[in-house]
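Visitor: Dropping in coords24.csv, with CSV, C-alpha atoms.
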chain,number,residue,atom,x,y,z
M,1330,ARG,CA,-11.0,0.4,25.4
M,1331,ARG,CA,-11.8,3.8,24.0
M,1332,MET,CA,-11.7,2.4,20.4
M,1333,ALA,CA,-14.0,-0.5,21.4
M,1334,ARG,CA,-16.5,1.9,22.9
M,1335,SER,CA,-16.4,4.2,19.8
M,1336,PHE,CA,-16.1,1.6,17.0
M,1337,GLY,CA,-17.9,-1.4,18.4
M,1338,ALA,CA,-17.3,-4.7,16.5
M,1339,LEU,CA,-15.0,-2.9,14.1
M,1340,ALA,CA,-12.4,-2.6,16.8
M,1341,HIS,CA,-12.5,-6.4,17.4
M,1342,THR,CA,-12.8,-7.8,13.8
M,1343,GLY,CA,-10.3,-5.6,12.0
M,1344,THR,CA,-7.1,-7.0,13.4
M,1345,THR,CA,-4.5,-6.9,10.7
M,1346,CYS,CA,-0.8,-6.2,10.1
M,1347,GLY,CA,0.9,-4.1,7.4
M,1348,CYS,CA,4.4,-3.2,6.2
M,1349,HIS,CA,4.8,0.5,6.5
M,1350,VAL,CA,7.6,2.4,4.7
M,1351,HIS,CA,8.8,5.8,6.0
M,1352,VAL,CA,10.5,8.1,3.6
M,1353,ALA,CA,12.2,11.2,4.9
M,1354,ILE,CA,10.8,14.6,3.7
M,1355,PRO,CA,12.1,18.1,4.3
M,1356,ASP,CA,8.8,19.4,5.7
M,1357,ARG,CA,5.1,18.7,5.8
M,1358,GLU,CA,4.2,21.0,3.0
M,1359,THR,CA,6.6,19.1,0.7
M,1360,GLY,CA,5.2,15.8,2.1
M,1361,VAL,CA,1.6,16.4,1.0
M,1362,ARG,CA,2.8,17.4,-2.4
M,1363,VAL,CA,4.9,14.2,-2.7
M,1364,ALA,CA,1.8,12.2,-1.5
M,1365,ASN,CA,-0.2,13.8,-4.3
M,1366,HIS,CA,2.2,12.5,-6.9
M,1367,ALA,CA,2.7,9.1,-5.3
M,1368,ARG,CA,-1.0,8.2,-4.6
M,1369,PRO,CA,-1.9,7.0,-8.1
M,1370,TRP,CA,0.7,4.2,-7.8
M,1371,LEU,CA,-0.7,2.9,-4.5
M,1372,PRO,CA,-2.6,0.0,-6.2
M,1373,VAL,CA,0.6,-1.3,-7.8
M,1374,LEU,CA,2.3,-1.3,-4.4
M,1375,LEU,CA,-0.7,-3.1,-2.9
M,1376,ALA,CA,-0.7,-5.8,-5.6
M,1377,LEU,CA,3.1,-6.3,-5.2
M,1378,THR,CA,2.7,-7.2,-1.5
M,1379,ALA,CA,-0.8,-8.9,-1.5
M,1380,ASN,CA,-0.3,-11.8,0.9
M,1381,SER,CA,-3.5,-12.5,2.8
M,1382,PRO,CA,-5.8,-14.7,0.8
M,1383,PHE,CA,-7.2,-16.7,3.7
M,1384,HIS,CA,-9.4,-15.6,6.6
M,1385,ASP,CA,-11.1,-17.7,9.3
M,1386,GLY,CA,-10.2,-20.9,7.5
M,1387,GLU,CA,-11.5,-19.9,4.1
M,1388,ASP,CA,-10.2,-18.6,0.8
M,1389,THR,CA,-11.6,-15.1,0.6
M,1390,GLY,CA,-11.3,-14.8,-3.2
M,1391,TYR,CA,-8.9,-11.8,-2.6
M,1392,ALA,CA,-5.2,-11.7,-2.8
M,1393,SER,CA,-5.1,-9.1,0.0
M,1394,TRP,CA,-8.1,-9.6,2.4
M,1395,ARG,CA,-6.1,-7.4,4.8
M,1396,HIS,CA,-6.8,-4.4,2.6
M,1397,ILE,CA,-10.5,-5.2,2.5
M,1398,LEU,CA,-10.7,-5.4,6.3
M,1399,TRP,CA,-8.7,-2.3,6.8
M,1400,SER,CA,-10.8,-0.3,4.4
M,1401,ARG,CA,-13.8,-0.5,6.8
M,1402,TRP,CA,-12.2,2.1,9.1
M,1403,PRO,CA,-13.7,5.6,8.5
M,1404,SER,CA,-10.3,7.1,8.3
M,1405,SER,CA,-8.7,4.5,5.9
M,1406,GLY,CA,-8.3,4.3,2.2
M,1407,PRO,CA,-6.5,6.5,-0.3
M,1408,PRO,CA,-6.1,10.2,0.6
M,1409,PRO,CA,-7.5,13.0,-1.5
M,1410,VAL,CA,-5.3,15.3,-3.5
M,1411,PHE,CA,-4.3,18.0,-1.0
M,1412,ALA,CA,-4.1,21.6,-1.9
M,1413,SER,CA,-1.6,22.3,0.9
M,1414,ALA,CA,-0.5,21.2,4.3
M,1415,ASP,CA,-3.2,23.4,5.7
M,1416,HIS,CA,-5.7,21.5,3.7
M,1417,TYR,CA,-4.4,18.2,5.1
M,1418,GLU,CA,-4.6,19.5,8.6
M,1419,SER,CA,-8.2,20.8,8.1
M,1420,LEU,CA,-9.3,17.4,7.0
M,1421,VAL,CA,-7.7,15.7,10.0
M,1422,GLU,CA,-9.3,18.2,12.3
M,1423,ALA,CA,-12.7,17.6,10.7
M,1424,LEU,CA,-12.3,13.8,11.1
M,1425,LEU,CA,-11.4,14.4,14.8
M,1426,HIS,CA,-14.4,16.6,15.2
M,1427,ALA,CA,-16.7,14.0,13.7
M,1428,GLY,CA,-15.3,11.3,16.0
M,1429,ALA,CA,-14.0,9.2,13.0
M,1430,LEU,CA,-10.6,9.7,14.7
M,1431,LEU,CA,-9.9,9.5,18.4
M,1432,ASP,CA,-6.5,10.9,17.9
M,1433,ARG,CA,-4.1,11.8,15.1
M,1434,GLY,CA,-2.5,8.3,15.3
M,1435,MET,CA,-5.8,7.1,13.7
M,1436,VAL,CA,-5.2,8.8,10.4
M,1437,TYR,CA,-5.2,5.5,8.5
M,1438,TRP,CA,-4.9,6.8,4.9
M,1439,ASP,CA,-2.8,4.6,2.6
M,1440,ILE,CA,-0.2,7.3,2.5
M,1441,ARG,CA,0.0,9.9,5.2
M,1442,LEU,CA,2.3,12.3,7.1
M,1443,SER,CA,3.8,10.6,10.1
M,1444,GLU,CA,2.9,12.2,13.4
M,1445,LYS,CA,6.1,11.0,15.1
M,1446,GLN,CA,8.8,11.1,12.4
M,1447,PRO,CA,9.7,13.7,9.8
M,1448,THR,CA,8.6,11.3,7.1
M,1449,LEU,CA,5.9,10.4,4.6
M,1450,GLU,CA,4.5,7.0,5.5
M,1451,PHE,CA,3.4,4.5,2.8
M,1452,ARG,CA,0.8,2.3,4.6
M,1453,VAL,CA,-1.1,0.6,1.8
M,1454,SER,CA,0.8,-2.7,1.8
M,1455,ASP,CA,0.2,-6.1,3.1
M,1456,VAL,CA,3.0,-7.7,5.1
M,1457,ALA,CA,5.3,-8.8,2.3
M,1458,ALA,CA,5.9,-12.5,2.1
M,1459,THR,CA,9.7,-12.4,1.9
M,1460,PRO,CA,12.5,-10.0,2.9
M,1461,GLY,CA,13.2,-9.4,-0.8
M,1462,GLU,CA,9.7,-8.3,-1.5
M,1463,ALA,CA,9.7,-6.0,1.5
M,1464,THR,CA,12.9,-4.5,0.3
M,1465,LEU,CA,11.5,-4.0,-3.2
M,1466,LEU,CA,8.5,-2.2,-1.6
M,1467,GLY,CA,10.9,0.0,0.3
M,1468,LEU,CA,12.9,0.8,-2.8
M,1469,LEU,CA,9.8,1.7,-4.9
M,1470,ALA,CA,8.4,3.9,-2.1
M,1471,ARG,CA,11.7,5.8,-1.9
M,1472,GLY,CA,11.9,6.0,-5.6
M,1473,LEU,CA,8.4,7.4,-5.9
M,1474,ALA,CA,9.2,10.0,-3.3
M,1475,GLY,CA,12.4,11.0,-4.9
M,1476,LEU,CA,10.8,11.2,-8.3
M,1477,ALA,CA,8.1,13.4,-6.9
M,1478,LEU,CA,10.6,15.7,-5.3
M,1479,ASP,CA,12.2,16.3,-8.7
M,1480,ASP,CA,8.8,16.9,-10.3
M,1481,LEU,CA,6.9,19.1,-7.8
M,1482,GLY,CA,6.5,21.9,-10.3
M,1483,ALA,CA,4.2,19.8,-12.4
M,1484,PRO,CA,0.6,19.0,-11.4
M,1485,PRO,CA,0.0,15.5,-10.0
M,1486,PRO,CA,-1.8,12.9,-12.0
M,1487,ALA,CA,-5.5,13.6,-11.9
M,1488,VAL,CA,-6.9,10.3,-10.5
M,1489,PRO,CA,-10.3,10.9,-8.9
M,1490,GLN,CA,-10.8,9.5,-5.4
M,1491,GLU,CA,-13.5,7.1,-6.4
M,1492,VAL,CA,-11.5,5.7,-9.3
M,1493,LEU,CA,-8.4,5.2,-7.1
M,1494,ARG,CA,-10.5,3.4,-4.4
M,1495,GLY,CA,-11.9,1.1,-7.1
M,1496,ASN,CA,-8.5,0.4,-8.5
M,1497,LEU,CA,-7.2,-0.4,-5.0
M,1498,TRP,CA,-10.1,-2.9,-4.6
M,1499,ARG,CA,-9.1,-4.5,-7.9
M,1500,ALA,CA,-5.4,-4.7,-6.8
M,1501,ALA,CA,-6.5,-6.3,-3.5
M,1502,ARG,CA,-8.6,-8.9,-5.3
M,1503,ASP,CA,-6.2,-10.0,-8.0
M,1504,GLY,CA,-2.7,-9.2,-6.7
M,1505,ILE,CA,0.4,-9.8,-8.8
M,1506,PRO,CA,-1.2,-11.9,-11.6
M,1507,GLY,CA,-4.0,-9.4,-12.2
M,1508,CYS,CA,-4.5,-6.1,-14.0
M,1509,CYS,CA,-5.3,-2.7,-12.6
M,1510,LEU,CA,-5.8,0.7,-14.1
M,1511,HIS,CA,-2.6,2.5,-15.2
M,1512,PRO,CA,-2.2,5.6,-13.0
M,1513,LEU,CA,-1.4,7.8,-16.0
M,1514,THR,CA,-3.5,6.4,-18.9
M,1515,GLY,CA,-6.5,4.8,-17.1
M,1516,GLU,CA,-6.1,1.6,-19.2
M,1517,LEU,CA,-6.2,-1.9,-17.7
M,1518,VAL,CA,-2.6,-3.0,-17.7
M,1519,PRO,CA,-1.0,-6.1,-16.1
M,1520,VAL,CA,0.4,-5.4,-12.7
M,1521,LEU,CA,3.8,-6.9,-13.6
M,1522,ALA,CA,4.0,-4.6,-16.6
M,1523,GLN,CA,3.3,-1.6,-14.4
M,1524,LEU,CA,5.9,-2.8,-11.9
M,1525,ASP,CA,8.5,-2.9,-14.7
M,1526,GLU,CA,7.5,0.5,-15.8
M,1527,LEU,CA,7.6,1.9,-12.2
M,1528,VAL,CA,11.1,0.5,-11.8
M,1529,ASP,CA,12.2,2.2,-15.0
M,1530,ARG,CA,10.6,5.5,-13.9
M,1531,VAL,CA,12.3,5.5,-10.5
M,1532,ALA,CA,15.6,4.2,-11.9
M,1533,PRO,CA,17.4,7.6,-11.6
M,1534,VAL,CA,16.6,7.6,-7.8
M,1535,LEU,CA,17.6,3.9,-7.3
M,1536,ARG,CA,20.9,4.5,-9.1
M,1537,GLU,CA,21.9,6.8,-6.3
M,1538,THR,CA,22.6,3.8,-4.1
M,1539,ALA,CA,24.8,1.1,-5.5
M,1540,GLY,CA,23.0,-2.1,-6.3
M,1541,ASP,CA,19.5,-0.9,-5.7
M,1542,LEU,CA,18.3,-0.8,-9.3
M,1543,GLU,CA,19.9,-4.2,-10.0
M,1544,PHE,CA,18.2,-5.7,-6.9
M,1545,ALA,CA,14.8,-4.3,-7.9
M,1546,ARG,CA,15.0,-5.8,-11.4
M,1547,GLU,CA,16.2,-9.2,-10.1
M,1548,GLU,CA,13.4,-9.3,-7.5
M,1549,LEU,CA,10.8,-8.5,-10.2
M,1550,ALA,CA,12.2,-11.3,-12.3
M,1551,ARG,CA,11.8,-13.7,-9.4
M,1552,LEU,CA,8.2,-12.6,-8.8
M,1553,ARG,CA,7.4,-13.2,-12.4
M,1554,GLU,CA,8.5,-16.8,-12.0
M,1555,THR,CA,7.1,-17.5,-8.6
M,1556,GLY,CA,4.0,-15.3,-8.4
M,1557,GLY,CA,3.1,-13.1,-5.4
M,1558,GLY,CA,2.7,-14.1,-1.8
M,1559,ALA,CA,-1.0,-14.9,-2.1
M,1560,ASN,CA,-0.5,-17.2,-5.1
M,1561,ARG,CA,2.3,-19.1,-3.2
M,1562,GLN,CA,0.0,-19.5,-0.2
M,1563,ARG,CA,-2.8,-20.9,-2.3
M,1564,ALA,CA,-0.4,-23.3,-4.0
M,1565,ALA,CA,0.9,-24.5,-0.7
M,1566,TYR,CA,-2.6,-25.1,0.6
M,1567,ALA,CA,-3.8,-26.8,-2.6
M,1568,ARG,CA,-1.3,-29.6,-2.3
M,1569,ARG,CA,-2.8,-31.2,0.9
M,1570,GLY,CA,-5.5,-28.8,2.2
M,1571,ARG,CA,-3.4,-28.0,5.3
M,1572,PHE,CA,-2.9,-24.5,6.7
M,1573,ALA,CA,0.2,-25.8,8.4
M,1574,ASP,CA,1.8,-26.0,5.0
M,1575,ILE,CA,1.2,-22.2,4.5
M,1576,VAL,CA,2.9,-21.6,7.9
M,1577,ASP,CA,5.8,-23.8,6.8
M,1578,LEU,CA,6.1,-21.9,3.5
M,1579,LEU,CA,6.1,-18.5,5.2
M,1580,SER,CA,8.6,-19.6,7.9
M,1581,VAL,CA,11.3,-20.6,5.4
M,1582,ASN,CA,11.0,-17.4,3.4
Would you mind writing the file's structure down as structure tokens?
Guide:
Amino acid sequence: RRMARSFGALAHTGTTCGCHVHVAIPDRETGVRVANHARPWLPVLLALTANSPFHDGEDTGYASWRHILWSRWPSSGPPPVFASADHYESLVEALLHAGALLDRGMVYWDIRLSEKQPTLEFRVSDVAATPGEATLLGLLARGLAGLALDDLGAPPPAVPQEVLRGNLWRAARDGIPGCCLHPLTGELVPVLAQLDELVDRVAPVLRETAGDLEFAREELARLRETGGGANRQRAAYARRGRFADIVDLLSVN
């Protein structure tokens, strides 16, 4: 009720679900530094899980309409690069003071420090269409965090906030079949190529657990053949124009 009073129609029209991944961190100072290194890859994770093309009985033209809806909240979107944990806390306090947050649980950044667990929380994703895709998301989030922990002495990639937000919009629109800006070069690169590169980058971390790297590569190969969740939903609907066919598709995955 407090949210309804403060945010009006936004509190009633922004109902969505997401798949959040928590990765353990040693402390909050390390967590914000890991977030700085991981944030440029958020569009790739969003495209991987894009699975909400329909809304109110219509094709939205987006692979992840969920991301577009969620982006309307004043505390959502990609976080800035943080100079320190104190910088992170100062921004949260400012948002609380402005009323853009009612409490710290409303820090809706696409990657944030958890308020309840000693973790860094990846929140950018749609609900993945299959257990395999959800597992791949978890492996990539853990890999990005582990890679960042090994590279904290280097500065994070300098991706401006406005560019990252635009890249997230593009990933939400196009999903797996599309392109988005490469986090290191700024060139438009197919999402699947970036996913291949990301798996190669985090391979040293994934090798620490038997079978993880092999699973990630097999799941990527399957995605290349079948397309992402949004594409499969559209294909199911196109056959007979029935939303029940989408439900059937998702229920058997």
Visitor: Using all atoms listed in the file, determine which residues lie at most 10 Å from region 1424-1437 of chain M, disregarding the query and same-chain residues fewer than 5 positions distant; provide the list as a list in words.
Guide: Arg1331, Met1332, Ser1335, Phe1336, Trp1399, Ser1400, Trp1402, Pro1403, Ser1404, Ser1405, Gly1406, Pro1407, Pro1408, Glu1418, Ser1419, Leu1442, Ser1443, Glu1444, Lys1445, Arg1452 and Val1453 of chain M
Visitor: Those same residues, written as a short mmCIF file (atom, residue, chain, number, x, y, z; two decimals), keeping the file's coordinate frame with C-alpha atoms?
Guide:
data_model
loop_
_atom_site.label_atom_id
_atom_site.label_comp_id
_atom_site.auth_asym_id
_atom_site.auth_seq_id
_atom_site.Cartn_x
_atom_site.Cartn_y
_atom_site.Cartn_z
CA ARG M 1331 -11.80 3.80 24.00
CA MET M 1332 -11.70 2.40 20.40
CA SER M 1335 -16.40 4.20 19.80
CA PHE M 1336 -16.10 1.60 17.00
CA TRP M 1399 -8.70 -2.30 6.80
CA SER M 1400 -10.80 -0.30 4.40
CA TRP M 1402 -12.20 2.10 9.10
CA PRO M 1403 -13.70 5.60 8.50
CA SER M 1404 -10.30 7.10 8.30
CA SER M 1405 -8.70 4.50 5.90
CA GLY M 1406 -8.30 4.30 2.20
CA PRO M 1407 -6.50 6.50 -0.30
CA PRO M 1408 -6.10 10.20 0.60
CA GLU M 1418 -4.60 19.50 8.60
CA SER M 1419 -8.20 20.80 8.10
CA LEU M 1442 2.30 12.30 7.10
CA SER M 1443 3.80 10.60 10.10
CA GLU M 1444 2.90 12.20 13.40
CA LYS M 1445 6.10 11.00 15.10
CA ARG M 1452 0.80 2.30 4.60
CA VAL M 1453 -1.10 0.60 1.80
#
Visitor: Listing only residues of region 1341-1411 of chain M within 10 Å of region 1502-1517 of chain M, what is the closest atom pair and its distance in Å (to one decimal) for each, using all atoms listed in the file, sorted by chain and residue number ascending, as a Markdown table?
Guide:
| residue | atom | partner | partner_atom | distance |
| --- | --- | --- | --- | --- |
| M:Ala1367 | CA | M:Pro1512 | CA | 9.8 |
| M:Arg1368 | CA | M:Pro1512 | CA | 8.9 |
| M:Pro1369 | CA | M:Pro1512 | CA | 5.1 |
| M:Trp1370 | CA | M:Pro1512 | CA | 6.1 |
| M:Leu1371 | CA | M:Pro1512 | CA | 9.0 |
| M:Pro1372 | CA | M:Cys1509 | CA | 7.5 |
| M:Val1373 | CA | M:Cys1509 | CA | 7.7 |
| M:Leu1374 | CA | M:Gly1504 | CA | 9.6 |
| M:Leu1375 | CA | M:Gly1504 | CA | 7.5 |
| M:Ala1376 | CA | M:Gly1504 | CA | 4.1 |
| M:Leu1377 | CA | M:Ile1505 | CA | 5.7 |
| M:Thr1378 | CA | M:Gly1504 | CA | 7.8 |
| M:Ala1379 | CA | M:Gly1504 | CA | 5.5 |
| M:Asn1380 | CA | M:Gly1504 | CA | 8.4 |
| M:Pro1382 | CA | M:Arg1502 | CA | 8.9 |
| M:Thr1389 | CA | M:Arg1502 | CA | 9.1 |
| M:Gly1390 | CA | M:Arg1502 | CA | 6.8 |
| M:Tyr1391 | CA | M:Arg1502 | CA | 4.0 |
| M:Ala1392 | CA | M:Arg1502 | CA | 5.1 |
| M:Ser1393 | CA | M:Arg1502 | CA | 6.4 |
| M:Trp1394 | CA | M:Arg1502 | CA | 7.7 |
| M:His1396 | CA | M:Arg1502 | CA | 9.3 |
| M:Ile1397 | CA | M:Arg1502 | CA | 8.8 |
Visitor: Per residue of region 1469-1573 of chain M within 10 Å of region 1461-1464 of chain M, note the shortest atom pair and the distance in Å to one decimal, counting all atoms listed in the file, and order the rows by chain and increasing residue number, as a Markdown table.
Guide:
| residue | atom | partner | partner_atom | distance |
| --- | --- | --- | --- | --- |
| M:Leu1469 | CA | M:Thr1464 | CA | 8.7 |
| M:Ala1470 | CA | M:Thr1464 | CA | 9.8 |
| M:Asp1541 | CA | M:Thr1464 | CA | 9.6 |
| M:Phe1544 | CA | M:Gly1461 | CA | 8.7 |
| M:Ala1545 | CA | M:Thr1464 | CA | 8.4 |
| M:Glu1547 | CA | M:Gly1461 | CA | 9.8 |
| M:Glu1548 | CA | M:Gly1461 | CA | 6.7 |
| M:Leu1549 | CA | M:Glu1462 | CA | 8.8 |
| M:Arg1551 | CA | M:Gly1461 | CA | 9.7 |
| M:Leu1552 | CA | M:Glu1462 | CA | 8.6 |
| M:Gly1557 | CA | M:Glu1462 | CA | 9.0 |
| M:Gly1558 | CA | M:Glu1462 | CA | 9.1 |
Visitor: M:Arg1571, M:Arg1441, M:Arg1334, M:Arg1362: which is nearest Ala1412 (chain M), counting only C-alpha atoms?
Guide: M:Arg1362
Visitor: Between M:Ala1522, M:Ala1487, M:Ala1573, M:Cys1348, which is the closest to Asp1439 (chain M) once you count only C-alpha atoms?
Guide: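 So, comparing all the options, the nearest one is M:Cys1348.
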Visitor: Give me, please, the distance in Å between CA of Val1531 (chain M) and CA of Gly1472 (chain M), quoted to one decimal.
Guide: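 Taking CA of Val1531 (chain M) and CA of Gly1472 (chain M), their separation equals 4.9 Å.
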Visitor: Which residues, written as a PyMOL selection string, have at least one atom at most 8 Å from Ala1414 (chain M), with only C-alpha atoms counted and residues fewer than 5 positions away on the same chain left out?
Guide: chain M and resi 1357-1358+1361
Visitor: Figure out the distance between CA of Ala1457 (chain M) and CA of Arg1563 (chain M), please, to one decimal in Å.
Guide: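 That distance, rounded to one decimal, is 15.3 Å.
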Visitor: Within 10 Å of Ala1564 (chain M), counting only C-alpha atoms, which residues show up once you throw out same-chain ones fewer than 5 positions away? Write them as a list in words, please.
Guide: Gly1558, Ala1559, Arg1569, Gly1570, Asp1574 and Ile1575 of chain M
Visitor: In Å, how far is it from CA of Leu1524 (chain M) to CA of Thr1359 (chain M)?
Guide: 25.3 Å
Visitor: Quick one: residues within 12 Å of Ala1333 (chain M), only C-alpha atoms, excluding same-chain residues fewer than 4 positions away - as a ChimeraX atom specification?
Guide: /M:1337-1343,1431
Visitor: From the options M:Leu1398, M:Val1581, M:Ala1567, M:Leu1466, which residue's atoms come nearest to Val1528 (chain M), counting only C-alpha atoms?
Guide: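 Once distances to Val1528 (chain M) are computed over only C-alpha atoms, the minimum belongs to M:Leu1466.
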Visitor: Which residue out of M:Ile1440, M:Ala1474, M:Val1410, M:Leu1449 has the minimum interatomic distance to Leu1535 (chain M) when all atoms listed in the file are used?
Guide: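 For Leu1535 (chain M), the nearest of the given residues is M:Ala1474.
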